[in-house]
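Text of data.csv (CSV, C-alpha atoms) as supplied:
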```csv
chain,number,residue,atom,x,y,z
Z,1,MET,CA,-75.9,134.6,24.2
Z,2,ASN,CA,-76.0,134.3,27.9
Z,3,ASN,CA,-73.3,132.4,29.9
Z,4,LYS,CA,-75.4,129.3,30.5
Z,5,VAL,CA,-76.0,128.8,26.8
Z,6,MET,CA,-72.3,129.4,26.0
Z,7,ILE,CA,-71.2,126.9,28.7
Z,8,LYS,CA,-73.6,124.3,27.3
Z,9,PHE,CA,-72.4,125.0,23.7
Z,10,TYR,CA,-68.7,124.5,24.6
Z,11,ARG,CA,-69.4,121.5,26.7
Z,12,ASN,CA,-71.2,119.8,23.8
Z,13,LEU,CA,-68.5,120.9,21.4
Z,14,PHE,CA,-65.9,119.2,23.7
Z,15,VAL,CA,-67.9,116.0,24.1
Z,16,ILE,CA,-68.7,115.7,20.4
Z,17,PHE,CA,-65.4,116.7,18.8
Z,18,ILE,CA,-62.5,117.0,21.2
Z,19,LEU,CA,-63.0,114.1,23.6
Z,20,PRO,CA,-63.1,111.4,20.9
Z,21,PHE,CA,-59.9,112.9,19.5
Z,22,LEU,CA,-58.1,112.9,22.9
Z,23,ILE,CA,-59.2,109.3,23.4
Z,24,THR,CA,-57.8,108.3,20.0
Z,25,ILE,CA,-54.5,110.0,20.7
Z,26,SER,CA,-54.1,108.3,24.1
Z,27,HIS,CA,-54.4,104.9,22.5
Z,28,THR,CA,-51.6,105.6,20.1
Z,29,TYR,CA,-49.0,106.0,22.8
Z,30,ALA,CA,-49.4,102.5,24.3
Z,31,ALA,CA,-50.5,99.1,23.2
Z,32,THR,CA,-51.7,96.2,25.4
Z,33,VAL,CA,-49.3,93.3,25.1
Z,34,ILE,CA,-50.5,90.0,26.7
Z,35,VAL,CA,-47.8,87.5,27.4
Z,36,LYS,CA,-48.7,83.9,28.2
Z,37,VAL,CA,-45.9,81.8,29.7
Z,38,SER,CA,-46.5,78.0,29.3
Z,39,ASN,CA,-45.0,74.8,30.4
Z,40,ILE,CA,-43.9,75.9,33.9
Z,41,GLU,CA,-42.6,72.6,35.3
Z,42,LYS,CA,-41.7,73.6,38.9
Z,43,LYS,CA,-43.0,76.3,41.1
Z,44,GLY,CA,-40.7,79.2,41.9
Z,45,GLU,CA,-40.2,82.8,41.3
Z,46,MET,CA,-40.9,84.0,37.8
Z,47,HIS,CA,-38.4,86.6,36.5
Z,48,LEU,CA,-39.7,88.2,33.3
Z,49,ALA,CA,-38.0,91.2,31.8
Z,50,ILE,CA,-39.0,93.2,28.8
Z,51,TYR,CA,-35.9,94.8,27.1
Z,52,ASP,CA,-35.8,97.7,24.7
Z,53,ASP,CA,-32.0,97.6,24.3
Z,54,ALA,CA,-30.3,94.9,22.2
Z,55,GLU,CA,-26.9,95.2,24.0
Z,56,VAL,CA,-28.5,94.8,27.5
Z,57,PHE,CA,-30.6,91.9,26.3
Z,58,GLU,CA,-27.7,90.0,24.8
Z,59,ASN,CA,-25.4,90.6,27.8
Z,60,ASP,CA,-27.9,89.8,30.6
Z,61,ASP,CA,-27.0,86.4,31.9
Z,62,GLY,CA,-29.6,86.2,34.7
Z,63,GLU,CA,-27.0,86.8,37.4
Z,64,LYS,CA,-29.2,89.3,39.2
Z,65,GLY,CA,-33.0,89.7,39.1
Z,66,GLY,CA,-34.9,92.9,39.2
Z,67,ALA,CA,-34.8,96.3,37.5
Z,68,ALA,CA,-31.8,97.3,35.4
Z,69,LYS,CA,-30.9,99.7,32.6
Z,70,GLY,CA,-32.5,98.5,29.3
Z,71,ILE,CA,-35.3,96.6,31.1
Z,72,ILE,CA,-38.4,98.7,30.8
Z,73,GLN,CA,-41.0,96.5,32.4
Z,74,GLY,CA,-41.1,93.1,34.1
Z,75,VAL,CA,-42.5,90.8,36.7
Z,76,ILE,CA,-41.0,89.0,39.7
Z,77,GLU,CA,-43.7,86.8,41.4
Z,78,ASP,CA,-44.3,83.3,42.7
Z,79,VAL,CA,-45.8,80.9,40.1
Z,80,GLU,CA,-47.1,77.4,40.2
Z,81,THR,CA,-46.7,74.7,37.5
Z,82,GLY,CA,-48.7,75.1,34.3
Z,83,SER,CA,-49.0,78.6,32.8
Z,84,VAL,CA,-49.4,82.2,33.7
Z,85,THR,CA,-50.5,85.3,31.8
Z,86,TYR,CA,-49.2,88.9,32.2
Z,87,THR,CA,-50.5,92.1,30.7
Z,88,PHE,CA,-48.3,95.1,29.9
Z,89,GLU,CA,-48.8,98.5,28.4
Z,90,LEU,CA,-45.9,99.3,26.0
Z,91,PRO,CA,-45.3,102.2,23.7
Z,92,ASP,CA,-44.7,101.5,20.0
Z,93,GLY,CA,-41.2,100.1,19.6
Z,94,THR,CA,-39.1,96.9,19.3
Z,95,TYR,CA,-38.7,94.7,22.4
Z,96,ALA,CA,-37.5,91.3,23.5
Z,97,ILE,CA,-38.5,89.2,26.5
Z,98,GLY,CA,-36.3,87.0,28.7
Z,99,ILE,CA,-37.7,84.7,31.4
Z,100,PHE,CA,-36.4,82.3,34.0
Z,101,VAL,CA,-38.1,80.5,36.9
Z,102,ASP,CA,-35.9,80.8,40.0
Z,103,LYS,CA,-36.9,77.5,41.7
Z,104,ASN,CA,-34.7,78.1,44.8
Z,105,TYR,CA,-35.4,81.8,45.2
Z,106,ASN,CA,-31.8,83.0,45.1
Z,107,ASN,CA,-32.6,85.8,42.6
Z,108,LYS,CA,-30.4,84.4,39.8
Z,109,MET,CA,-30.4,81.7,37.2
Z,110,ASP,CA,-28.4,78.8,38.4
Z,111,ARG,CA,-26.0,77.0,36.1
Z,112,ASN,CA,-24.1,73.7,36.1
Z,113,LEU,CA,-20.4,73.4,35.8
Z,114,PHE,CA,-20.5,73.9,32.1
Z,115,GLY,CA,-22.6,77.0,32.3
Z,116,VAL,CA,-25.9,75.3,31.2
Z,117,PRO,CA,-28.9,76.7,33.0
Z,118,LYS,CA,-30.4,74.4,35.7
Z,119,GLU,CA,-33.6,76.4,35.9
Z,120,GLN,CA,-36.3,76.8,33.2
Z,121,PHE,CA,-35.9,79.8,30.9
Z,122,GLY,CA,-37.4,81.1,27.7
Z,123,PHE,CA,-37.4,84.1,25.3
Z,124,SER,CA,-39.9,85.9,23.1
Z,125,ASN,CA,-40.6,84.3,19.7
Z,126,ASN,CA,-39.5,81.1,21.5
Z,127,ALA,CA,-36.0,82.0,20.2
Z,128,LYS,CA,-33.2,79.6,20.9
Z,129,GLY,CA,-29.5,80.5,21.1
Z,130,LYS,CA,-26.4,78.5,20.3
Z,131,PHE,CA,-24.1,78.3,23.3
Z,132,GLY,CA,-25.9,81.1,25.1
Z,133,PRO,CA,-29.0,83.3,24.8
Z,134,PRO,CA,-30.5,84.2,21.4
Z,135,SER,CA,-29.7,87.4,19.6
Z,136,PHE,CA,-32.0,90.4,20.2
Z,137,GLU,CA,-33.0,90.2,16.5
Z,138,ASP,CA,-34.2,86.6,16.9
Z,139,ALA,CA,-36.2,87.3,20.1
Z,140,SER,CA,-37.5,90.8,19.2
Z,141,PHE,CA,-41.0,91.7,18.3
Z,142,THR,CA,-42.5,95.0,17.2
Z,143,VAL,CA,-45.3,96.7,19.1
Z,144,SER,CA,-47.6,98.9,17.0
Z,145,SER,CA,-51.0,97.7,18.3
Z,146,ASP,CA,-52.4,95.3,20.9
Z,147,MET,CA,-50.9,91.9,20.6
Z,148,LYS,CA,-50.6,88.5,22.3
Z,149,LEU,CA,-47.4,86.5,22.7
Z,150,GLU,CA,-46.9,82.9,24.0
Z,151,ILE,CA,-43.6,81.8,25.4
Z,152,ASN,CA,-43.0,78.1,26.1
Z,153,LEU,CA,-40.3,77.3,28.7
```
Render the structure in this file as structure tokens.
Amino acid sequence: MNNKVMIKFYRNLFVIFILPFLITISHTYAATVIVKVSNIEKKGEMHLAIYDDAEVFENDDGEKGGAAKGIIQGVIEDVETGSVTYTFELPDGTYAIGIFVDKNYNNKMDRNLFGVPKEQFGFSNNAKGKFGPPSFEDASFTVSSDMKLEINL
């Protein structure tokens, strides 16, 4: 066989057999997770963090916004009232989401004298805590394929 025929043969082999296999493998490493945050009552700066570490999740009190150990993805952006939707690509695993709307843009969750949050907040699974944030177990979800979540503040 001449070189042109061999090149065509291998190109066709790649397109028919190898390329579909590579595409399939690439989709197993990450899933699309769509998160809709509803019931935003006041405009402000949305702080949404996706945690892959239970200890970090349960000890994060919203005192500082932004990236930190145990937070693998997130969003900090201005939002209006109503709802907003975010899309993330996450590898298979177990995660929890924590959110607060910083209405005075001071990069932390404000609290009253008794430690009760004065700004809207929420967690994945719409989990509620008693005298503090919920446990990672209550707020966690498992990613193994594309999924949609809704969190009501």
Restrict the calculation to all atoms listed in the file, then for each residue of range 29-56 of chain Z with any atom at most 12 Å from an atom of range 117-121 of chain Z give the closest atom pair and their distance in Å to one decimal, rows by chain and rising residue number, as JSON lines.
```
{"residue": "Z:Val37", "atom": "CA", "partner": "Z:Phe121", "partner_atom": "CA", "distance": 10.3}
{"residue": "Z:Ser38", "atom": "CA", "partner": "Z:Phe121", "partner_atom": "CA", "distance": 10.9}
{"residue": "Z:Asn39", "atom": "CA", "partner": "Z:Gln120", "partner_atom": "CA", "distance": 9.4}
{"residue": "Z:Ile40", "atom": "CA", "partner": "Z:Gln120", "partner_atom": "CA", "distance": 7.7}
{"residue": "Z:Glu41", "atom": "CA", "partner": "Z:Gln120", "partner_atom": "CA", "distance": 7.9}
{"residue": "Z:Lys42", "atom": "CA", "partner": "Z:Gln120", "partner_atom": "CA", "distance": 8.5}
{"residue": "Z:Lys43", "atom": "CA", "partner": "Z:Gln120", "partner_atom": "CA", "distance": 10.4}
{"residue": "Z:Gly44", "atom": "CA", "partner": "Z:Glu119", "partner_atom": "CA", "distance": 9.7}
{"residue": "Z:Glu45", "atom": "CA", "partner": "Z:Glu119", "partner_atom": "CA", "distance": 10.7}
{"residue": "Z:Met46", "atom": "CA", "partner": "Z:Phe121", "partner_atom": "CA", "distance": 9.5}
{"residue": "Z:His47", "atom": "CA", "partner": "Z:Phe121", "partner_atom": "CA", "distance": 9.2}
{"residue": "Z:Leu48", "atom": "CA", "partner": "Z:Phe121", "partner_atom": "CA", "distance": 9.5}
{"residue": "Z:Ala49", "atom": "CA", "partner": "Z:Phe121", "partner_atom": "CA", "distance": 11.6}
```
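Relative to CA of Gly122 in chain Z, CA of Ile97 in chain Z is found at 8.3 Å.
Atom pair CA of Ile71 in chain Z / CA of Lys130 in chain Z: separated by 22.9 Å.
One finds CA of Phe136 in chain Z at 5.2 Å from CA of Ala54 in chain Z.
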| Proximity to Ser140 in chain Z - best of Z:Ile72, Z:Met109, Z:Ala127, Z:Ala31, all atoms listed in the file | Z:Ala127
Counting all atoms listed in the file, write as an mmCIF file with C-alpha atoms, in the frame of the given file all protein and nucleic acid residues lying at most 9 Å from (-47.6, 98.9, 24.2) in the file's frame.
```cif
data_model
loop_
_atom_site.group_PDB
_atom_site.id
_atom_site.type_symbol
_atom_site.label_atom_id
_atom_site.label_comp_id
_atom_site.auth_asym_id
_atom_site.auth_seq_id
_atom_site.Cartn_x
_atom_site.Cartn_y
_atom_site.Cartn_z
ATOM 1 C CA THR Z 28 -51.600 105.600 20.100
ATOM 2 C CA TYR Z 29 -49.000 106.000 22.800
ATOM 3 C CA ALA Z 30 -49.400 102.500 24.300
ATOM 4 C CA ALA Z 31 -50.500 99.100 23.200
ATOM 5 C CA THR Z 32 -51.700 96.200 25.400
ATOM 6 C CA VAL Z 33 -49.300 93.300 25.100
ATOM 7 C CA PHE Z 88 -48.300 95.100 29.900
ATOM 8 C CA GLU Z 89 -48.800 98.500 28.400
ATOM 9 C CA LEU Z 90 -45.900 99.300 26.000
ATOM 10 C CA PRO Z 91 -45.300 102.200 23.700
ATOM 11 C CA ASP Z 92 -44.700 101.500 20.000
ATOM 12 C CA GLY Z 93 -41.200 100.100 19.600
ATOM 13 C CA VAL Z 143 -45.300 96.700 19.100
ATOM 14 C CA SER Z 144 -47.600 98.900 17.000
ATOM 15 C CA SER Z 145 -51.000 97.700 18.300
ATOM 16 C CA ASP Z 146 -52.400 95.300 20.900
ATOM 17 C CA MET Z 147 -50.900 91.900 20.600
#
```
| task | Kindly indicate which residue among Z:Ala68, Z:Ala139, Z:Ile76, Z:Ile151 lies nearest to Tyr95 in chain Z, using all atoms listed in the file for the distances. | result |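 Ranked by minimum distance to Tyr95 in chain Z, first place goes to Z:Ala139.
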| query | In terms of the shortest atom-to-atom distance over all atoms listed in the file, which of Z:Thr85, Z:Phe141, Z:Val79, Z:Val35 is closest to Tyr105 in chain Z? | reply | Z:Val79
| task | Compare Z:Glu77, Z:Glu137, Z:Asp53, Z:Leu149 by their minimum atom-to-atom distance to Phe100 in chain Z, counting all atoms listed in the file, and give me the closest one. | result | Z:Glu77
